[in-house]
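File shown: model_11.cif. Contents: mmCIF, C-alpha atoms and all ligand atoms.
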```
data_protein
#
loop_
_atom_site.label_atom_id
_atom_site.label_comp_id
_atom_site.auth_asym_id
_atom_site.auth_seq_id
_atom_site.Cartn_x
_atom_site.Cartn_y
_atom_site.Cartn_z
CA MET X 256 17.83 -8.93 19.00
CA PRO X 257 15.34 -11.75 19.77
CA ALA X 258 17.03 -15.10 20.45
CA ASN X 259 15.36 -16.81 17.48
CA VAL X 260 16.96 -14.41 14.97
CA LYS X 261 20.43 -15.74 14.33
CA HIS X 262 21.65 -13.33 11.72
CA ALA X 263 19.90 -10.03 11.29
CA THR X 264 19.44 -8.90 7.70
CA HIS X 265 20.87 -5.50 6.82
CA LEU X 266 19.50 -3.73 3.81
CA LEU X 267 21.80 -1.77 1.53
CA LYS X 268 19.07 0.29 -0.08
CA PRO X 269 15.91 1.84 1.37
CA LEU X 270 13.01 -0.60 1.14
CA ARG X 271 9.43 0.65 0.88
CA LEU X 272 7.30 -2.44 0.86
CA LEU X 273 3.58 -3.01 0.56
CA LEU X 274 2.19 -6.41 1.56
CA LEU X 275 -0.98 -7.52 -0.20
CA GLY X 276 -3.00 -10.65 0.41
CA ALA X 277 -6.45 -11.88 1.37
CA PRO X 278 -7.69 -11.35 4.91
CA GLY X 279 -6.03 -14.02 7.01
CA SER X 280 -3.23 -14.62 4.51
CA GLY X 281 -0.70 -13.71 7.20
CA LYS X 282 0.29 -10.11 6.43
CA GLY X 283 0.48 -9.31 10.15
CA THR X 284 2.49 -12.45 10.90
CA GLN X 285 4.96 -11.84 8.07
CA THR X 286 5.26 -8.21 9.19
CA SER X 287 6.24 -9.18 12.76
CA ARG X 288 8.76 -11.68 11.45
CA LEU X 289 10.30 -9.17 9.05
CA LEU X 290 10.53 -6.59 11.84
CA LYS X 291 12.47 -9.08 13.97
CA GLN X 292 14.73 -10.04 11.10
CA ILE X 293 15.43 -6.58 9.64
CA PRO X 294 16.35 -4.06 12.35
CA GLN X 295 16.06 -1.08 9.96
CA LEU X 296 12.43 -1.84 9.16
CA THR X 297 9.36 -0.18 10.70
CA SER X 298 5.74 -0.76 9.79
CA ILE X 299 2.16 0.36 9.98
CA SER X 300 -0.98 -1.66 9.57
CA SER X 301 -4.20 0.16 8.68
CA GLY X 302 -6.29 -2.54 10.40
CA ASP X 303 -4.25 -2.29 13.62
CA ILE X 304 -4.55 1.50 13.64
CA LEU X 305 -8.31 1.26 13.20
CA ARG X 306 -8.67 -1.34 15.96
CA GLN X 307 -6.71 0.92 18.31
CA GLU X 308 -9.01 3.83 17.41
CA ILE X 309 -12.02 1.62 18.14
CA LYS X 310 -10.57 0.55 21.47
CA SER X 311 -9.96 4.15 22.51
CA GLU X 312 -13.53 5.03 21.42
CA SER X 313 -12.43 7.99 19.32
CA THR X 314 -14.79 9.60 16.82
CA LEU X 315 -12.87 7.98 13.99
CA GLY X 316 -12.99 4.65 15.82
CA ARG X 317 -16.76 4.86 16.13
CA GLU X 318 -17.13 5.60 12.44
CA ALA X 319 -14.66 2.87 11.43
CA ALA X 320 -16.42 0.27 13.58
CA THR X 321 -19.63 0.56 11.58
CA TYR X 322 -17.78 -0.41 8.38
CA ILE X 323 -15.51 -3.01 9.95
CA ALA X 324 -18.35 -4.83 11.71
CA GLN X 325 -19.99 -5.33 8.31
CA GLY X 326 -16.81 -6.42 6.57
CA LYS X 327 -16.92 -3.32 4.37
CA LEU X 328 -14.02 -1.11 3.38
CA LEU X 329 -13.80 2.42 4.77
CA PRO X 330 -14.31 5.22 2.24
CA ASP X 331 -11.10 5.86 0.29
CA ASP X 332 -10.55 9.42 1.39
CA LEU X 333 -11.10 8.72 5.07
CA ILE X 334 -8.50 5.95 5.21
CA THR X 335 -6.13 7.80 2.85
CA ARG X 336 -6.17 10.90 5.06
CA LEU X 337 -5.61 8.81 8.16
CA ILE X 338 -2.65 6.86 6.81
CA THR X 339 -0.93 9.68 4.93
CA PHE X 340 -1.17 11.82 8.07
CA ARG X 341 0.63 9.04 9.97
CA LEU X 342 3.29 8.63 7.30
CA SER X 343 4.04 12.30 7.51
CA ALA X 344 3.94 12.42 11.34
CA LEU X 345 6.31 9.45 11.53
CA GLY X 346 8.79 11.26 9.27
CA TRP X 347 8.56 8.52 6.65
CA LEU X 348 8.21 10.82 3.66
CA LYS X 349 11.88 10.99 2.74
CA PRO X 350 14.14 9.15 0.27
CA SER X 351 16.19 7.35 2.94
CA ALA X 352 13.15 5.89 4.73
CA THR X 353 12.68 2.12 5.00
CA TRP X 354 9.21 0.91 5.95
CA LEU X 355 6.43 -1.58 5.36
CA LEU X 356 2.71 -1.01 4.86
CA ASP X 357 0.13 -3.67 5.71
CA GLY X 358 -3.46 -3.16 4.62
CA PHE X 359 -3.12 0.19 2.86
CA PRO X 360 -3.50 0.83 -0.08
CA ARG X 361 -6.38 -1.57 -0.73
CA THR X 362 -7.97 0.07 -3.79
CA THR X 363 -6.54 1.71 -6.91
CA ALA X 364 -7.87 5.10 -5.73
CA GLN X 365 -5.88 4.73 -2.49
CA ALA X 366 -2.87 3.49 -4.45
CA SER X 367 -2.75 6.45 -6.79
CA ALA X 368 -3.31 8.96 -3.96
CA LEU X 369 -0.41 7.41 -2.06
CA ASP X 370 1.83 7.29 -5.13
CA GLU X 371 1.20 10.95 -5.78
CA LEU X 372 2.25 11.88 -2.26
CA LEU X 373 5.29 9.58 -2.14
CA LYS X 374 6.52 10.81 -5.52
CA GLN X 375 6.55 14.38 -4.24
CA HIS X 376 8.95 13.29 -1.50
CA ASP X 377 11.08 11.03 -3.67
CA ALA X 378 10.05 8.11 -1.47
CA SER X 379 7.99 5.88 -3.77
CA LEU X 380 7.09 2.28 -2.99
CA ASN X 381 9.74 0.00 -4.46
CA LEU X 382 8.33 -3.46 -3.73
CA VAL X 383 4.79 -4.86 -3.60
CA VAL X 384 4.40 -8.49 -2.56
CA GLU X 385 1.22 -10.47 -2.66
CA LEU X 386 0.95 -13.35 -0.16
CA ASP X 387 -0.83 -16.09 -2.02
CA VAL X 388 -2.41 -18.62 0.36
CA PRO X 389 -5.16 -21.13 -0.52
CA GLU X 390 -8.61 -19.95 0.55
CA CYS X 391 -9.43 -23.14 2.50
CA THR X 392 -6.36 -22.64 4.70
CA ILE X 393 -7.37 -19.07 5.41
CA LEU X 394 -10.89 -19.89 6.60
CA GLU X 395 -9.54 -22.40 9.07
CA ARG X 396 -7.02 -19.89 10.45
CA ILE X 397 -9.56 -17.21 11.21
CA GLU X 398 -11.48 -19.34 13.67
CA ASN X 399 -8.32 -19.88 15.68
CA ARG X 400 -7.07 -16.30 15.56
CA PHE X 401 -6.65 -14.03 18.60
CA VAL X 402 -5.08 -10.58 18.68
CA HIS X 403 -3.41 -8.21 21.11
CA VAL X 404 -4.94 -4.93 20.03
CA SER X 405 -2.40 -2.43 21.39
CA SER X 406 0.56 -4.06 19.63
CA GLY X 407 -1.18 -5.76 16.70
CA ARG X 408 0.42 -9.09 17.66
CA VAL X 409 -1.48 -12.01 16.18
CA TYR X 410 -1.76 -15.50 17.67
CA ASN X 411 -3.15 -18.69 16.24
CA LEU X 412 -4.27 -21.38 18.67
CA GLN X 413 -2.96 -24.05 16.34
CA TYR X 414 0.21 -22.70 14.76
CA ASN X 415 1.34 -19.92 17.03
CA PRO X 416 -0.35 -20.16 20.45
CA PRO X 417 0.47 -17.69 23.25
CA LYS X 418 2.77 -19.06 25.97
CA ILE X 419 0.01 -18.59 28.55
CA PRO X 420 -3.46 -19.29 27.13
CA GLY X 421 -5.44 -16.09 26.52
CA LEU X 422 -2.56 -13.69 27.31
CA ASP X 423 -0.11 -11.70 25.19
CA ASP X 424 3.46 -13.08 25.46
CA ILE X 425 5.13 -9.71 25.96
CA THR X 426 2.71 -7.66 28.08
CA GLY X 427 0.62 -10.40 29.72
CA GLU X 428 -2.51 -8.45 28.73
CA PRO X 429 -5.63 -10.35 27.63
CA LEU X 430 -6.04 -11.34 23.97
CA THR X 431 -9.30 -10.75 22.17
CA LYS X 432 -11.16 -12.02 19.14
CA ARG X 433 -11.54 -9.48 16.31
CA LEU X 434 -15.15 -8.42 15.89
CA ASP X 435 -14.88 -9.09 12.15
CA ASP X 436 -13.46 -12.62 12.52
CA THR X 437 -16.87 -14.29 12.53
CA ALA X 438 -17.73 -16.69 9.69
CA GLU X 439 -20.38 -14.33 8.35
CA VAL X 440 -18.33 -11.11 8.35
CA PHE X 441 -15.27 -12.94 7.13
CA LYS X 442 -17.14 -14.10 4.03
CA LYS X 443 -18.01 -10.49 3.30
CA ARG X 444 -14.37 -9.40 3.78
CA LEU X 445 -13.21 -12.04 1.33
CA GLU X 446 -15.77 -10.84 -1.21
CA GLU X 447 -14.62 -7.24 -0.79
CA TYR X 448 -11.04 -8.37 -1.18
CA ASN X 449 -11.73 -10.33 -4.34
CA LYS X 450 -13.48 -7.30 -5.83
CA THR X 451 -10.69 -4.80 -5.20
CA ASN X 452 -7.61 -6.98 -5.43
CA GLU X 453 -7.47 -7.70 -9.17
CA PRO X 454 -7.44 -4.03 -10.26
CA LEU X 455 -4.97 -3.21 -7.49
CA LYS X 456 -2.63 -6.00 -8.64
CA GLU X 457 -2.90 -4.77 -12.22
CA TYR X 458 -2.02 -1.29 -11.04
CA TYR X 459 1.18 -2.46 -9.35
CA LYS X 460 2.07 -4.93 -12.12
CA ASN X 461 2.11 -1.98 -14.47
CA SER X 462 4.57 -0.19 -12.23
CA GLY X 463 6.99 -3.15 -12.40
CA ILE X 464 7.45 -3.63 -8.65
CA PHE X 465 4.99 -6.48 -8.12
CA SER X 466 5.84 -10.03 -6.96
CA THR X 467 3.88 -12.96 -5.56
CA VAL X 468 4.99 -15.40 -2.87
CA SER X 469 2.91 -18.57 -2.51
CA GLY X 470 2.63 -21.14 0.24
CA GLU X 471 0.23 -22.88 2.60
CA THR X 472 1.79 -21.72 5.84
CA SER X 473 3.56 -18.65 7.18
CA ASP X 474 6.65 -20.82 7.78
CA ILE X 475 6.80 -21.65 4.09
CA ILE X 476 6.17 -18.08 2.98
CA PHE X 477 8.60 -16.29 5.29
CA PRO X 478 11.93 -17.57 3.88
CA LYS X 479 10.68 -16.95 0.33
CA LEU X 480 9.69 -13.41 1.23
CA LEU X 481 12.99 -12.74 2.95
CA ASP X 482 14.95 -14.13 -0.03
CA LEU X 483 13.01 -11.89 -2.37
CA ILE X 484 13.75 -8.81 -0.26
CA THR X 485 17.43 -9.68 0.18
CA SER X 486 17.91 -10.39 -3.51
CA LYS X 487 16.70 -6.89 -4.36
CA PHE X 488 17.71 -4.75 -1.40
CA GLY X 489 19.95 -6.79 0.81
CA GLN X 490 23.38 -7.72 1.88
P1 LIG J 501 -6.09 -9.57 7.94
O1 LIG J 501 -5.77 -8.63 9.06
O2 LIG J 501 -6.54 -10.89 8.36
O3 LIG J 501 -4.99 -9.64 6.94
P2 LIG J 501 -7.86 -7.83 6.56
O4 LIG J 501 -6.81 -7.47 5.59
O5 LIG J 501 -9.25 -8.04 6.06
O6 LIG J 501 -7.42 -9.11 7.28
P3 LIG J 501 -7.38 -5.55 8.24
O7 LIG J 501 -6.34 -5.11 7.29
O8 LIG J 501 -7.04 -5.70 9.65
O9 LIG J 501 -8.03 -6.90 7.79
O10 LIG J 501 -8.61 -4.55 8.10
C1 LIG J 501 -9.79 -4.73 8.86
C2 LIG J 501 -10.87 -3.81 8.34
O11 LIG J 501 -10.43 -2.44 8.44
C3 LIG J 501 -11.24 -3.99 6.88
O12 LIG J 501 -12.20 -5.00 6.70
C4 LIG J 501 -11.79 -2.59 6.54
O13 LIG J 501 -13.08 -2.40 7.04
C5 LIG J 501 -10.87 -1.67 7.32
N1 LIG J 501 -9.69 -1.27 6.52
C6 LIG J 501 -8.39 -1.53 6.78
N2 LIG J 501 -7.58 -1.03 5.83
C7 LIG J 501 -8.38 -0.41 4.93
C8 LIG J 501 -8.16 0.27 3.70
N3 LIG J 501 -6.92 0.44 3.21
N4 LIG J 501 -9.23 0.75 3.04
C9 LIG J 501 -10.48 0.60 3.52
N5 LIG J 501 -10.76 -0.05 4.65
C10 LIG J 501 -9.74 -0.56 5.36
MG MG J 502 -3.97 -7.74 9.19
#
```

Using structure tokens, write down the structure that the file contains.
Ligand code: ATP
Ligand code: MG
Amino acid sequence: MPANVKHATHLLKPLRLLLLGAPGSGKGTQTSRLLKQIPQLTSISSGDILRQEIKSESTLGREAATYIAQGKLLPDDLITRLITFRLSALGWLKPSATWLLDGFPRTTAQASALDELLKQHDASLNLVVELDVPECTILERIENRFVHVSSGRVYNLQYNPPKIPGLDDITGEPLTKRLDDTAEVFKKRLEEYNKTNEPLKEYYKNSGIFSTVSGETSDIIFPKLLDLITSKFGQ
């Protein structure tokens, strides 16, 4: 257990969590913190998977890069096939599974395709949390953001700098800037998000598993998120 986690949280019931939130709202950061805090939890991030595909120059990676570089979403069935294949390969389609999704589903079409599949395996999502962070805070964060592509670890030069400038804390490998973290592409990503997010929220509100956690920083959001999870699933 990492030294900064004093008391690990043990869940009593399987948790299948989806994190929603604008680009830069800290889904990746909250995910890493939850993984440290809750030993039973595992996660996948659609964005991280796509960046790894791009890095390895696969056919899918090449196709994904054309969308990502423009701040556009991938077609629903492409991303749905990719992620549902992973869920199945990871053995996550079972009632006892505990996991977290970051970045998928992003549209109501993706949400209903996923629901359909999960229902068949008696492993439906049971919590959807939106991270609500003011837009001005987000824009500032993006400029200072660096990532370690192979692990998905995210650093912020201001709030969460690497121990050695430019290098990942764990592997010592170089950090990079995301190709879609430029001011211009980021604006497009926010627009795309604002278009798809309302209907998606409505979709999950109707299923009764939707909550929002608000705050300006990841340090403010994390304890609220953890409390919410523990109150429903925890010790
Ligand atoms: P952040 O990582 O800052 O939270 P984000 O949510 O915009 O921002 P990612 O989730 O990393 O970024 O996704 C990056 C890009 O990958 C998106 O802009 C989109 O092109 C593509 N992508 C990721 N997930 C999906 C999805 N579920 N549907 C369609 N496209 C996706
Ligand atoms: Mg992300």

TODO: Find the residue from X:Thr284, X:Ser313, X:Thr353, X:Thr431 that sits nearest to Val402 of chain X; use all atoms listed in the file when measuring.
DONE: X:Thr431

Could you list, as a PDB file with C-alpha atoms, in the coordinates of the input, all residues that come within 8 Å of ligand MG 502 (chain J)? Count all atoms listed in the file.
```pdb
ATOM      1  CA  PRO X 278      -7.690 -11.350   4.910  1.00  0.00           C
ATOM      2  CA  GLY X 279      -6.030 -14.020   7.010  1.00  0.00           C
ATOM      3  CA  GLY X 281      -0.700 -13.710   7.200  1.00  0.00           C
ATOM      4  CA  LYS X 282       0.290 -10.110   6.430  1.00  0.00           C
ATOM      5  CA  GLY X 283       0.480  -9.310  10.150  1.00  0.00           C
ATOM      6  CA  SER X 300      -0.980  -1.660   9.570  1.00  0.00           C
ATOM      7  CA  SER X 301      -4.200   0.160   8.680  1.00  0.00           C
ATOM      8  CA  GLY X 302      -6.290  -2.540  10.400  1.00  0.00           C
ATOM      9  CA  ASP X 303      -4.250  -2.290  13.620  1.00  0.00           C
ATOM     10  CA  ASP X 357       0.130  -3.670   5.710  1.00  0.00           C
ATOM     11  CA  GLY X 358      -3.460  -3.160   4.620  1.00  0.00           C
TER      12      GLY X 358
END
```

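With only C-alpha atoms as the atoms that count, the residue of X:Lys442, X:Arg271, X:His265, X:Arg400 with the shortest distance to Ser351 of chain X is X:Arg271.
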
Around all the atoms of ligand LIG 501 (chain J) listed in the file, draw an axis-aligned box and extend it by 3 Å on each of the six sides; I want its centre and edge lengths in Å to one decimal, as JSON.
```
{"center_x": -9.0, "center_y": -5.1, "center_z": 6.3, "size_x": 14.1, "size_y": 17.6, "size_z": 12.6}
```

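Among the candidates X:Leu315, X:Leu445, X:Leu481, X:Ile309, the residue lying nearest to ligand LIG 501 (chain J) is X:Leu445 (atoms considered: only C-alpha atoms and all ligand atoms).
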
- [ ] Check the smallest atom-to-atom distance from each of X:Leu369, X:Leu289, X:Leu267, X:Leu275 to Pro478 of chain X using only C-alpha atoms, then report the winner.
- [x]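 Under the stated criterion, the closest residue is X:Leu289.
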
Task: d(atom CA of Gln295 of chain X, atom CA of Phe359 of chain X) in Å - done: 20.5 Å

Could you build a table of the residues in chain X lying no more than 9 Å from ligand LIG 501 (chain J), giving for each the nearest pair of atoms and their separation in Å rounded to one decimal place, using all atoms listed in the file, ordered by chain and ascending residue number, as JSON lines?
```
{"residue": "X:Leu275", "atom": "CA", "partner": "J:LIG501", "partner_atom": "O4", "distance": 8.2}
{"residue": "X:Gly276", "atom": "CA", "partner": "J:LIG501", "partner_atom": "O3", "distance": 6.9}
{"residue": "X:Ala277", "atom": "CA", "partner": "J:LIG501", "partner_atom": "O4", "distance": 6.1}
{"residue": "X:Pro278", "atom": "CA", "partner": "J:LIG501", "partner_atom": "O6", "distance": 3.3}
{"residue": "X:Gly279", "atom": "CA", "partner": "J:LIG501", "partner_atom": "O2", "distance": 3.4}
{"residue": "X:Ser280", "atom": "CA", "partner": "J:LIG501", "partner_atom": "O3", "distance": 5.8}
{"residue": "X:Gly281", "atom": "CA", "partner": "J:LIG501", "partner_atom": "O3", "distance": 5.9}
{"residue": "X:Lys282", "atom": "CA", "partner": "J:LIG501", "partner_atom": "O3", "distance": 5.3}
{"residue": "X:Gly283", "atom": "CA", "partner": "J:LIG501", "partner_atom": "O3", "distance": 6.4}
{"residue": "X:Thr284", "atom": "CA", "partner": "J:LIG501", "partner_atom": "O3", "distance": 8.9}
{"residue": "X:Ser300", "atom": "CA", "partner": "J:LIG501", "partner_atom": "O7", "distance": 6.8}
{"residue": "X:Ser301", "atom": "CA", "partner": "J:LIG501", "partner_atom": "N2", "distance": 4.6}
{"residue": "X:Gly302", "atom": "CA", "partner": "J:LIG501", "partner_atom": "O8", "distance": 3.3}
{"residue": "X:Asp303", "atom": "CA", "partner": "J:LIG501", "partner_atom": "O8", "distance": 5.9}
{"residue": "X:Ile304", "atom": "CA", "partner": "J:LIG501", "partner_atom": "C6", "distance": 8.4}
{"residue": "X:Leu305", "atom": "CA", "partner": "J:LIG501", "partner_atom": "O11", "distance": 6.4}
{"residue": "X:Arg306", "atom": "CA", "partner": "J:LIG501", "partner_atom": "O11", "distance": 7.8}
{"residue": "X:Ala319", "atom": "CA", "partner": "J:LIG501", "partner_atom": "O13", "distance": 7.0}
{"residue": "X:Ala320", "atom": "CA", "partner": "J:LIG501", "partner_atom": "O13", "distance": 7.8}
{"residue": "X:Thr321", "atom": "CA", "partner": "J:LIG501", "partner_atom": "O13", "distance": 8.5}
{"residue": "X:Tyr322", "atom": "CA", "partner": "J:LIG501", "partner_atom": "O13", "distance": 5.3}
{"residue": "X:Ile323", "atom": "CA", "partner": "J:LIG501", "partner_atom": "O13", "distance": 3.8}
{"residue": "X:Ala324", "atom": "CA", "partner": "J:LIG501", "partner_atom": "O13", "distance": 7.4}
{"residue": "X:Gln325", "atom": "CA", "partner": "J:LIG501", "partner_atom": "O13", "distance": 7.6}
{"residue": "X:Gly326", "atom": "CA", "partner": "J:LIG501", "partner_atom": "O12", "distance": 4.8}
{"residue": "X:Lys327", "atom": "CA", "partner": "J:LIG501", "partner_atom": "O13", "distance": 4.8}
{"residue": "X:Leu328", "atom": "CA", "partner": "J:LIG501", "partner_atom": "N5", "distance": 3.7}
{"residue": "X:Leu329", "atom": "CA", "partner": "J:LIG501", "partner_atom": "N5", "distance": 3.9}
{"residue": "X:Pro330", "atom": "CA", "partner": "J:LIG501", "partner_atom": "C9", "distance": 6.1}
{"residue": "X:Asp331", "atom": "CA", "partner": "J:LIG501", "partner_atom": "N4", "distance": 6.1}
{"residue": "X:Asp332", "atom": "CA", "partner": "J:LIG501", "partner_atom": "N4", "distance": 8.9}
{"residue": "X:Leu333", "atom": "CA", "partner": "J:LIG501", "partner_atom": "C9", "distance": 8.3}
{"residue": "X:Ile334", "atom": "CA", "partner": "J:LIG501", "partner_atom": "N4", "distance": 5.7}
{"residue": "X:Thr335", "atom": "CA", "partner": "J:LIG501", "partner_atom": "N3", "distance": 7.4}
{"residue": "X:Ile338", "atom": "CA", "partner": "J:LIG501", "partner_atom": "N3", "distance": 8.5}
{"residue": "X:Asp357", "atom": "CA", "partner": "J:LIG501", "partner_atom": "O7", "distance": 6.8}
{"residue": "X:Gly358", "atom": "CA", "partner": "J:LIG501", "partner_atom": "O7", "distance": 4.4}
{"residue": "X:Phe359", "atom": "CA", "partner": "J:LIG501", "partner_atom": "N3", "distance": 3.8}
{"residue": "X:Pro360", "atom": "CA", "partner": "J:LIG501", "partner_atom": "N3", "distance": 4.8}
{"residue": "X:Arg361", "atom": "CA", "partner": "J:LIG501", "partner_atom": "N3", "distance": 4.5}
{"residue": "X:Thr362", "atom": "CA", "partner": "J:LIG501", "partner_atom": "N4", "distance": 7.0}
{"residue": "X:Gln365", "atom": "CA", "partner": "J:LIG501", "partner_atom": "N3", "distance": 7.2}
{"residue": "X:Ile393", "atom": "CA", "partner": "J:LIG501", "partner_atom": "O2", "distance": 8.7}
{"residue": "X:Ile397", "atom": "CA", "partner": "J:LIG501", "partner_atom": "O2", "distance": 7.6}
{"residue": "X:Val409", "atom": "CA", "partner": "J:LIG501", "partner_atom": "O1", "distance": 9.0}
{"residue": "X:Arg433", "atom": "CA", "partner": "J:LIG501", "partner_atom": "O8", "distance": 8.9}
{"residue": "X:Asp435", "atom": "CA", "partner": "J:LIG501", "partner_atom": "O12", "distance": 7.3}
{"residue": "X:Asp436", "atom": "CA", "partner": "J:LIG501", "partner_atom": "O2", "distance": 8.3}
{"residue": "X:Val440", "atom": "CA", "partner": "J:LIG501", "partner_atom": "O12", "distance": 8.8}
{"residue": "X:Phe441", "atom": "CA", "partner": "J:LIG501", "partner_atom": "O5", "distance": 7.8}
{"residue": "X:Lys443", "atom": "CA", "partner": "J:LIG501", "partner_atom": "O12", "distance": 8.7}
{"residue": "X:Arg444", "atom": "CA", "partner": "J:LIG501", "partner_atom": "O12", "distance": 5.7}
{"residue": "X:Leu445", "atom": "CA", "partner": "J:LIG501", "partner_atom": "O5", "distance": 7.4}
{"residue": "X:Glu447", "atom": "CA", "partner": "J:LIG501", "partner_atom": "O12", "distance": 8.2}
{"residue": "X:Tyr448", "atom": "CA", "partner": "J:LIG501", "partner_atom": "O5", "distance": 7.5}
```

Could you save those same residues with C-alpha atoms as a short mmCIF file (atom, residue, chain, number, x, y, z; two decimals), in the frame of the given file?
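Done, and the output landed in out_24.cif:
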```cif
data_model
loop_
_atom_site.label_atom_id
_atom_site.label_comp_id
_atom_site.auth_asym_id
_atom_site.auth_seq_id
_atom_site.Cartn_x
_atom_site.Cartn_y
_atom_site.Cartn_z
CA LEU X 275 -0.98 -7.52 -0.20
CA GLY X 276 -3.00 -10.65 0.41
CA ALA X 277 -6.45 -11.88 1.37
CA PRO X 278 -7.69 -11.35 4.91
CA GLY X 279 -6.03 -14.02 7.01
CA SER X 280 -3.23 -14.62 4.51
CA GLY X 281 -0.70 -13.71 7.20
CA LYS X 282 0.29 -10.11 6.43
CA GLY X 283 0.48 -9.31 10.15
CA THR X 284 2.49 -12.45 10.90
CA SER X 300 -0.98 -1.66 9.57
CA SER X 301 -4.20 0.16 8.68
CA GLY X 302 -6.29 -2.54 10.40
CA ASP X 303 -4.25 -2.29 13.62
CA ILE X 304 -4.55 1.50 13.64
CA LEU X 305 -8.31 1.26 13.20
CA ARG X 306 -8.67 -1.34 15.96
CA ALA X 319 -14.66 2.87 11.43
CA ALA X 320 -16.42 0.27 13.58
CA THR X 321 -19.63 0.56 11.58
CA TYR X 322 -17.78 -0.41 8.38
CA ILE X 323 -15.51 -3.01 9.95
CA ALA X 324 -18.35 -4.83 11.71
CA GLN X 325 -19.99 -5.33 8.31
CA GLY X 326 -16.81 -6.42 6.57
CA LYS X 327 -16.92 -3.32 4.37
CA LEU X 328 -14.02 -1.11 3.38
CA LEU X 329 -13.80 2.42 4.77
CA PRO X 330 -14.31 5.22 2.24
CA ASP X 331 -11.10 5.86 0.29
CA ASP X 332 -10.55 9.42 1.39
CA LEU X 333 -11.10 8.72 5.07
CA ILE X 334 -8.50 5.95 5.21
CA THR X 335 -6.13 7.80 2.85
CA ILE X 338 -2.65 6.86 6.81
CA ASP X 357 0.13 -3.67 5.71
CA GLY X 358 -3.46 -3.16 4.62
CA PHE X 359 -3.12 0.19 2.86
CA PRO X 360 -3.50 0.83 -0.08
CA ARG X 361 -6.38 -1.57 -0.73
CA THR X 362 -7.97 0.07 -3.79
CA GLN X 365 -5.88 4.73 -2.49
CA ILE X 393 -7.37 -19.07 5.41
CA ILE X 397 -9.56 -17.21 11.21
CA VAL X 409 -1.48 -12.01 16.18
CA ARG X 433 -11.54 -9.48 16.31
CA ASP X 435 -14.88 -9.09 12.15
CA ASP X 436 -13.46 -12.62 12.52
CA VAL X 440 -18.33 -11.11 8.35
CA PHE X 441 -15.27 -12.94 7.13
CA LYS X 443 -18.01 -10.49 3.30
CA ARG X 444 -14.37 -9.40 3.78
CA LEU X 445 -13.21 -12.04 1.33
CA GLU X 447 -14.62 -7.24 -0.79
CA TYR X 448 -11.04 -8.37 -1.18
#
```

Task: atom CA of Ile484 of chain X to atom CA of Ile293 of chain X, straight-line distance in Å - done: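 Between atom CA of Ile293 of chain X and atom CA of Ile484 of chain X the gap works out to 10.3 Å.
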
- [ ] Can you work out which one of X:Leu412, X:Leu348, X:Val404, X:Leu382 has the shortest atom-to-atom distance to Thr485 of chain X, counting only C-alpha atoms?
- [x]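 Nearest to Thr485 of chain X: X:Leu382.
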